[in-house]
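Colleague: The structure file final15.txt (compact mmCIF, C-alpha atoms) is provided below.
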# COMPACT_ATOMS: atom_id res chain seq x y z
CA GLU A 1 0.00 0.00 0.00
CA VAL A 2 1.28 3.44 -0.93
CA VAL A 3 1.10 6.08 1.83
CA LEU A 4 1.07 9.69 0.63
CA ARG A 5 2.22 12.50 2.89
CA GLY A 6 1.79 16.23 2.52
CA TRP A 7 -0.29 17.76 -0.24
CA ALA A 8 0.03 19.11 -3.77
CA ARG A 9 -2.01 21.78 -5.50
CA MET A 10 -2.18 19.90 -8.79
CA ALA A 11 -2.63 16.32 -7.53
CA LEU A 12 -5.08 14.31 -5.43
CA PRO A 13 -5.02 10.72 -4.17
CA VAL A 14 -7.42 8.41 -5.99
CA ALA A 15 -9.75 6.73 -3.50
CA SER A 16 -11.19 4.35 -6.09
CA PHE A 17 -11.09 3.81 -9.83
CA ARG A 18 -13.18 1.69 -12.14
CA VAL A 19 -13.80 1.30 -15.84
CA THR A 20 -17.53 1.65 -16.50
CA ARG A 21 -17.85 1.12 -20.23
CA VAL A 22 -15.82 -0.17 -23.16
CA GLY A 23 -17.48 0.59 -26.47
CA LYS A 24 -17.19 -1.31 -29.71
CA ALA A 25 -14.64 -0.34 -32.32
CA ARG A 26 -15.71 1.73 -35.29
CA LEU A 27 -15.55 0.09 -38.68
CA GLY A 28 -11.93 -0.19 -39.79
CA GLU A 29 -10.44 0.81 -36.42
CA PRO A 30 -8.65 -1.61 -34.05
CA HIS A 31 -9.49 0.19 -30.81
CA PRO A 32 -12.74 0.90 -28.90
CA ALA A 33 -14.62 3.98 -29.95
CA GLU A 34 -15.12 4.90 -26.30
CA VAL A 35 -13.72 3.85 -22.93
CA ARG A 36 -15.40 5.38 -19.87
CA ALA A 37 -14.15 5.34 -16.28
CA GLU A 38 -14.80 6.91 -12.89
CA ALA A 39 -12.15 8.16 -10.45
CA THR A 40 -13.22 9.06 -6.92
CA VAL A 41 -11.25 11.71 -5.01
CA SER A 42 -11.71 13.78 -1.87
CA LEU A 43 -11.17 17.51 -1.38
CA ALA A 44 -11.35 17.24 2.40
CA SER A 45 -7.61 17.80 2.92
CA SER A 46 -7.33 20.59 0.34
CA ARG A 47 -7.28 24.27 1.16
CA PRO A 48 -10.45 26.13 0.14
CA ASP A 49 -8.73 27.89 -2.75
CA VAL A 50 -7.24 24.64 -4.04
CA ALA A 51 -10.57 22.82 -3.70
CA ALA A 52 -12.20 25.64 -5.69
CA GLU A 53 -9.63 25.13 -8.45
CA TRP A 54 -10.45 21.41 -8.63
CA ASP A 55 -14.12 22.29 -8.86
CA GLN A 56 -13.34 24.32 -11.98
CA LEU A 57 -12.56 21.14 -13.94
CA ARG A 58 -14.84 21.03 -16.93
CA ALA A 59 -15.70 18.81 -19.86
CA HIS A 60 -12.78 18.19 -22.26
CA ASP A 61 -10.12 19.10 -19.69
CA VAL A 62 -7.29 16.56 -19.64
CA VAL A 63 -6.06 14.90 -16.45
CA PHE A 64 -3.39 12.28 -15.84
CA LEU A 65 -3.77 9.08 -13.85
CA VAL A 66 -0.58 7.91 -12.15
CA ALA A 67 0.14 4.51 -10.61
CA LEU A 68 2.92 4.46 -7.99
CA ASP A 69 4.92 1.59 -6.52
CA PRO A 70 7.81 3.20 -4.59
CA PRO A 71 11.00 1.17 -4.27
CA VAL A 72 11.70 -0.53 -0.94
CA GLY A 73 15.14 -0.28 0.60
CA GLY A 74 16.34 2.96 -0.94
CA VAL A 75 16.93 4.32 -4.41
CA PRO A 76 19.81 2.84 -6.42
CA PRO A 77 22.44 5.29 -7.76
CA GLY A 78 21.70 6.64 -11.21
CA ALA A 79 18.00 5.84 -11.00
CA SER A 80 15.66 7.83 -13.23
CA PHE A 81 12.88 10.02 -11.84
CA ALA A 82 10.32 7.29 -12.52
CA GLU A 83 12.46 4.65 -10.82
CA ALA A 84 13.29 6.85 -7.83
CA HIS A 85 9.63 7.72 -7.17
CA GLY A 86 8.11 4.43 -8.22
CA VAL A 87 6.13 5.75 -11.19
CA VAL A 88 4.79 2.57 -12.77
CA ARG A 89 2.53 4.03 -15.45
CA VAL A 90 0.76 7.22 -16.50
CA ARG A 91 -2.44 7.35 -18.51
CA GLY A 92 -4.24 10.39 -19.89
CA ALA A 93 -7.99 10.94 -19.59
CA GLU A 94 -10.50 13.53 -20.71
CA VAL A 95 -13.04 14.86 -18.24
CA ALA A 96 -16.69 14.30 -19.22
CA GLN A 97 -18.23 15.70 -16.05
CA VAL A 98 -17.66 15.99 -12.30
CA ALA A 99 -20.21 14.83 -9.71
CA ASP A 100 -20.56 15.06 -5.93
CA ALA A 101 -22.01 12.60 -3.41
CA ARG A 102 -25.54 13.98 -3.87
CA GLY A 103 -25.56 13.48 -7.62
CA ASN A 104 -25.01 17.12 -8.57
CA THR A 105 -23.02 17.27 -11.80
CA ARG A 106 -20.96 19.92 -13.56
CA THR A 107 -19.60 20.01 -17.11
CA GLY A 108 -18.72 23.71 -17.21
CA GLU A 109 -20.66 24.22 -20.44
CA SER A 110 -24.31 23.47 -19.65
CA GLU A 111 -27.11 25.53 -18.13
CA ALA A 112 -28.10 22.37 -16.23
CA ASP A 113 -24.86 22.41 -14.21
CA ARG A 114 -25.39 22.48 -10.46
CA ALA A 115 -23.05 23.66 -7.72
CA LEU A 116 -21.00 20.82 -6.27
CA GLU A 117 -21.32 20.26 -2.53
CA GLY A 118 -19.20 18.56 0.11
CA ALA A 119 -15.72 17.11 -0.43
CA HIS A 120 -16.58 13.90 -2.32
CA ARG A 121 -15.97 14.11 -6.07
CA VAL A 122 -16.39 11.57 -8.85
CA LEU A 123 -14.55 12.38 -12.06
CA HIS A 124 -16.32 10.85 -15.05
CA LEU A 125 -13.55 10.28 -17.58
CA ARG A 126 -13.01 9.25 -21.18
CA LEU A 127 -9.88 7.14 -21.58
CA ASP A 128 -7.75 6.87 -24.70
CA GLY A 129 -9.15 4.00 -26.77
CA SER A 130 -5.89 3.50 -28.64
CA GLN A 131 -3.92 3.16 -25.41
CA TRP A 132 -6.59 0.81 -24.04
CA ALA A 133 -6.15 -1.45 -27.05
CA LEU A 134 -2.37 -1.49 -26.56
CA ASP A 135 -2.71 -2.28 -22.86
CA SER A 136 -5.21 -5.05 -23.60
CA ARG A 137 -2.72 -7.04 -25.66
CA ASP A 138 -0.96 -10.11 -24.30
CA PRO A 139 2.00 -9.31 -22.01
CA GLU A 140 4.27 -11.06 -24.49
CA ASP A 141 3.28 -8.43 -27.05
CA GLY A 142 3.88 -5.53 -24.67
CA GLY A 143 0.39 -5.36 -23.19
CA GLN A 144 -0.48 -4.49 -19.58
CA PRO A 145 -3.78 -6.25 -18.82
CA GLY A 146 -3.89 -4.95 -15.22
CA ALA A 147 -3.02 -1.36 -16.08
CA TYR A 148 -6.48 -0.03 -15.15
CA GLU A 149 -7.07 -1.96 -11.93
CA SER A 150 -5.90 0.92 -9.74
CA PHE A 151 -4.26 4.34 -9.83
CA THR A 152 -2.64 6.28 -7.01
CA LEU A 153 -2.91 9.91 -8.10
CA VAL A 154 -4.87 12.11 -10.46
CA LEU A 155 -3.01 15.15 -11.79
CA ARG A 156 -4.43 18.23 -13.44
CA ARG A 157 -2.89 21.11 -15.34
CA ARG A 158 -3.50 24.84 -15.28
CA PRO A 159 -6.41 25.82 -17.57
CA GLN A 160 -4.20 27.96 -19.81
CA GLU A 161 -1.92 24.94 -20.38
CA ASN A 162 -4.64 22.33 -20.71
CA ASN A 163 -5.88 22.95 -24.24
CA PHE A 164 -3.35 20.82 -26.12
CA LYS A 165 -5.79 17.96 -26.81
CA ALA A 166 -8.33 20.33 -28.32
CA VAL A 167 -5.63 22.02 -30.40
CA LEU A 168 -4.34 18.69 -31.69
CA ALA A 169 -7.88 17.53 -32.49
CA CYS A 170 -8.45 20.75 -34.44
CA LEU A 171 -5.21 20.31 -36.38
CA LYS A 172 -6.07 16.68 -37.09
CA GLY A 173 -9.42 17.74 -38.51
CA LEU A 174 -7.82 20.43 -40.63
CA LEU A 175 -5.29 18.00 -42.07
CA ARG A 176 -7.96 15.42 -42.91
CA GLU A 177 -10.27 17.79 -44.77
CA PRO A 178 -9.60 20.12 -47.70
CA LEU A 179 -8.73 23.48 -46.23
CA ALA A 180 -11.21 26.22 -47.06
CA VAL A 181 -8.63 28.91 -46.29
CA PRO A 182 -6.20 30.83 -48.53
CA GLY A 183 -2.90 29.10 -49.21
CA TRP A 184 -0.88 31.93 -47.67
CA LEU A 185 -2.66 31.36 -44.34
CA VAL A 186 -2.21 27.58 -44.10
CA ASP A 187 1.26 27.54 -42.52
CA VAL A 188 0.34 30.21 -39.99
CA LEU A 189 -2.92 28.45 -39.13
CA LEU A 190 -1.07 25.19 -38.47
CA GLY A 191 1.56 26.93 -36.36
CA PHE A 192 4.39 26.99 -38.86
CA GLY A 193 6.26 29.83 -40.50
CA ASP A 194 6.28 33.52 -39.69
CA PRO A 195 2.93 35.03 -38.60
CA GLY A 196 4.05 38.31 -40.14
CA ALA A 197 4.03 36.66 -43.56
CA ALA A 198 0.22 36.63 -43.45
CA SER A 199 -0.12 40.37 -42.93
CA ALA A 200 -1.56 42.56 -45.66
CA ASP A 201 1.74 44.43 -46.09
CA ALA A 202 3.63 41.19 -46.77
CA LEU A 203 1.23 39.78 -49.36
CA PRO A 204 1.97 40.58 -53.02
CA GLY A 205 -0.62 42.67 -54.74
CA LEU A 206 -2.42 43.78 -51.60
CA GLY A 207 -2.52 47.36 -50.46
CA CYS A 208 -4.05 49.09 -47.51
CA ASP A 209 -6.24 51.45 -49.50
CA GLY A 210 -9.47 50.81 -51.35
CA LYS A 211 -7.94 51.64 -54.75
CA ALA A 212 -5.44 48.78 -54.49
CA ALA A 213 -8.13 46.40 -53.30
CA ARG A 214 -10.39 47.26 -56.26
CA ALA A 215 -7.49 46.79 -58.67
CA ALA A 216 -6.63 43.31 -57.35
CA PRO A 217 -7.47 40.42 -59.70
CA PRO A 218 -10.55 38.35 -58.93
CA GLY A 219 -9.81 35.76 -56.28
CA GLY A 220 -6.85 37.69 -54.87
CA PRO A 221 -3.19 36.70 -54.93
CA TRP A 222 -3.87 33.34 -53.29
Any chance you could give the structure as structure tokens?
Modeller:
Amino acid sequence: EVVLRGWARMALPVASFRVTRVGKARLGEPHPAEVRAEATVSLASSRPDVAAEWDQLRAHDVVFLVALDPPVGGVPPGASFAEAHGVVRVRGAEVAQVADARGNTRTGESEADRALEGAHRVLHLRLDGSQWALDSRDPEDGGQPGAYESFTLVLRRRPQENNFKAVLACLKGLLREPLAVPGWLVDVLLGFGDPGAASADALPGLGCDGKAARAAPPGGPW
């Protein structure tokens, strides 16, 4: 049994964890379309301001589930961070909603959200279906069948740093579909190149006055 001491603003001990649903794979995909889970935590030992931050978790926020098994008998010289602290595995999850002991739920984006009460919280999570499929393989093939039996900690990130999954999903969608944007804006939109290259002054044939705009060829320089 792992005993945690002290506290951390961005982490909470997981009281219980269970997988609630494993969906079927979509046609042509090797992994489940959806994997749902619930992680139970308590805010009882958190300061009021820290507890308020945890209650700001909303749908689509990403958290990390960490399983710990600290070494017994000291840390060997040259051990990595994971080895020194007993980090066995880390799995990412997307928040679907947060509930309290009375059944009040919050997504952060619905008018039906209700204020959460008490210290008991249940995080309703969506797990990564691709990672689930990898973990479900035979151990001889690199699988970890017991990877989701228990976790020790749940970690969150600051809201301003927690949008990477949404950004990647947006980029993935843009790359899959024909872009309905001018060619000179593509690199900037995807985060490449110099943003100044997309300014009106840098584009050939564009001026800042109406006369230059009226003289531009149909369809513009793109």
Colleague: Expressed in Å to a single decimal, how great is the separation between atom CA of A:Leu155 and atom CA of A:Leu65?
Modeller: 6.5 Å
Colleague: Quick one: residues within 9 Å of A:Arg91, all atoms listed in the file counted, chain neighbours fewer than 2 positions away excluded, as a count of residues only?
Modeller: 10
Colleague: Measuring atom to atom with all atoms listed in the file, identify which of A:Arg157, A:Ala84, A:Ala133, A:Leu123 is nearest to A:Ala33.
Modeller: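 Among the listed residues, the smallest separation from A:Ala33 belongs to A:Ala133.
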Colleague: Under the rule that all atoms listed in the file are counted, which of A:His31, A:Arg176, A:Arg58, A:Arg21 is the nearest residue to A:Ser130?
Modeller: A:His31
Colleague: If you measure from atom CA of A:Glu117 to atom CA of A:Asp61, what distance in Å do you get, rounded to one decimal?
Modeller: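 It comes out at 20.5 Å.
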Colleague: Which residues are near A:Val62? Cut-off 7 Å, only C-alpha atoms, ignore same chain within fewer than 5 positions. Put them as a PDB file with C-alpha atoms, keeping the file's coordinate frame.
Modeller:
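Contents of result-v8.pdb, freshly written:
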ATOM      1  CA  GLY A  92      -4.240  10.390 -19.890  1.00  0.00           C
ATOM      2  CA  ALA A  93      -7.990  10.940 -19.590  1.00  0.00           C
ATOM      3  CA  GLU A  94     -10.500  13.530 -20.710  1.00  0.00           C
ATOM      4  CA  VAL A  95     -13.040  14.860 -18.240  1.00  0.00           C
ATOM      5  CA  ASN A 162      -4.640  22.330 -20.710  1.00  0.00           C
TER       6      ASN A 162
END
Colleague: Report the distance between atom CA of A:Leu43 and atom CA of A:Arg121 in Å, rounded to one decimal place.
Modeller: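 Atom CA of A:Leu43 sits 7.5 Å away from atom CA of A:Arg121.
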Colleague: Excluding A:Phe151 and its own-chain neighbours fewer than 6 positions away, which residues fall within 12 Å of it when counting all atoms listed in the file? Please give them as a list of chain:residue names.
Modeller: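 Contacts, in chain order: A:Glu1, A:Val2, A:Leu12, A:Pro13, A:Val14, A:Ala15, A:Ser16, A:Phe17, A:Arg18, A:Val19, A:Ala37, A:Glu38, A:Ala39, A:Thr40, A:Val41, A:Phe64, A:Leu65, A:Val66, A:Ala67, A:Leu68, A:Asp69, A:Val87, A:Val88, A:Arg89, A:Val90, A:Arg91, A:Gly92.
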Colleague: Out of A:Gly196, A:Pro48, A:Pro77, A:Gly118, which residue has the shortest atom-to-atom distance to A:Arg9 when counting only C-alpha atoms?
Modeller: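 Closest residue, counting only C-alpha atoms: A:Pro48.
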Colleague: Name the residues in contact with A:Asn104 at a cut-off of 6 Å, using all atoms listed in the file, excluding same-chain residues fewer than 5 positions from it; report them as a list in words.
Modeller: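 The filter keeps Ala99, Arg114 and Leu116 of chain A.
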Colleague: Between A:Val35, A:Trp132, A:Trp54, A:Ala96, single out the one closest to A:Gly23, counting only C-alpha atoms.
Modeller: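 Looking only at the distances to A:Gly23, the closest residue turns out to be A:Val35.
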Colleague: Pick from A:Glu140, A:Leu134, A:Ala119, A:Thr107: nearest to A:Ala44, with all atoms listed in the file counted?
Modeller: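 Selected residue with least distance to A:Ala44: A:Ala119.
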Colleague: Using all atoms listed in the file, what residues lie at most 12 Å away from (-27.9, 21.1, -12.0) (file coordinates), given as number ranges by chain?
Modeller: A: 97-100, 102-117
Colleague: Using all atoms listed in the file for the distances, tell me which of A:Gly183, A:His124, A:Pro70, A:Glu177 is nearest to A:Val3.
Modeller: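 Under the stated criterion, the closest residue is A:Pro70.
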Colleague: Could you add whatever atoms are missing so that stretch 143-159 of chain A carries N, CA and C atoms, then write the result as a CSV table (one decimal), keeping the file's coordinate frame?
Modeller:
chain,number,residue,atom,x,y,z
A,143,GLY,N,1.6,-5.8,-23.8
A,143,GLY,CA,0.4,-5.4,-23.2
A,143,GLY,C,0.5,-5.3,-21.7
A,144,GLN,N,-0.4,-4.6,-21.0
A,144,GLN,CA,-0.5,-4.5,-19.6
A,144,GLN,C,-1.9,-4.7,-19.2
A,145,PRO,N,-2.4,-6.0,-19.1
A,145,PRO,CA,-3.8,-6.2,-18.8
A,145,PRO,C,-4.3,-5.6,-17.5
A,146,GLY,N,-3.4,-5.5,-16.5
A,146,GLY,CA,-3.9,-5.0,-15.2
A,146,GLY,C,-3.6,-3.5,-15.1
A,147,ALA,N,-3.4,-2.8,-16.2
A,147,ALA,CA,-3.0,-1.4,-16.1
A,147,ALA,C,-4.1,-0.5,-15.5
A,148,TYR,N,-5.4,-0.9,-15.6
A,148,TYR,CA,-6.5,0.0,-15.2
A,148,TYR,C,-7.1,-0.5,-13.9
A,149,GLU,N,-6.5,-1.4,-13.2
A,149,GLU,CA,-7.1,-2.0,-11.9
A,149,GLU,C,-7.0,-0.9,-10.8
A,150,SER,N,-6.0,-0.1,-10.8
A,150,SER,CA,-5.9,0.9,-9.7
A,150,SER,C,-4.9,2.0,-10.1
A,151,PHE,N,-5.2,3.2,-9.7
A,151,PHE,CA,-4.3,4.3,-9.8
A,151,PHE,C,-4.1,5.0,-8.5
A,152,THR,N,-3.0,5.7,-8.3
A,152,THR,CA,-2.6,6.3,-7.0
A,152,THR,C,-3.0,7.8,-7.0
A,153,LEU,N,-2.7,8.5,-8.1
A,153,LEU,CA,-2.9,9.9,-8.1
A,153,LEU,C,-3.6,10.3,-9.4
A,154,VAL,N,-4.4,11.4,-9.3
A,154,VAL,CA,-4.9,12.1,-10.5
A,154,VAL,C,-4.3,13.5,-10.5
A,155,LEU,N,-3.7,13.9,-11.6
A,155,LEU,CA,-3.0,15.2,-11.8
A,155,LEU,C,-3.8,16.0,-12.8
A,156,ARG,N,-3.8,17.3,-12.5
A,156,ARG,CA,-4.4,18.2,-13.4
A,156,ARG,C,-3.4,19.3,-13.9
A,157,ARG,N,-3.8,20.0,-14.9
A,157,ARG,CA,-2.9,21.1,-15.3
A,157,ARG,C,-3.6,22.4,-15.2
A,158,ARG,N,-2.9,23.5,-15.3
A,158,ARG,CA,-3.5,24.8,-15.3
A,158,ARG,C,-4.4,25.0,-16.5
A,159,PRO,N,-5.5,25.7,-16.4
A,159,PRO,CA,-6.4,25.8,-17.6
A,159,PRO,C,-5.7,26.4,-18.8
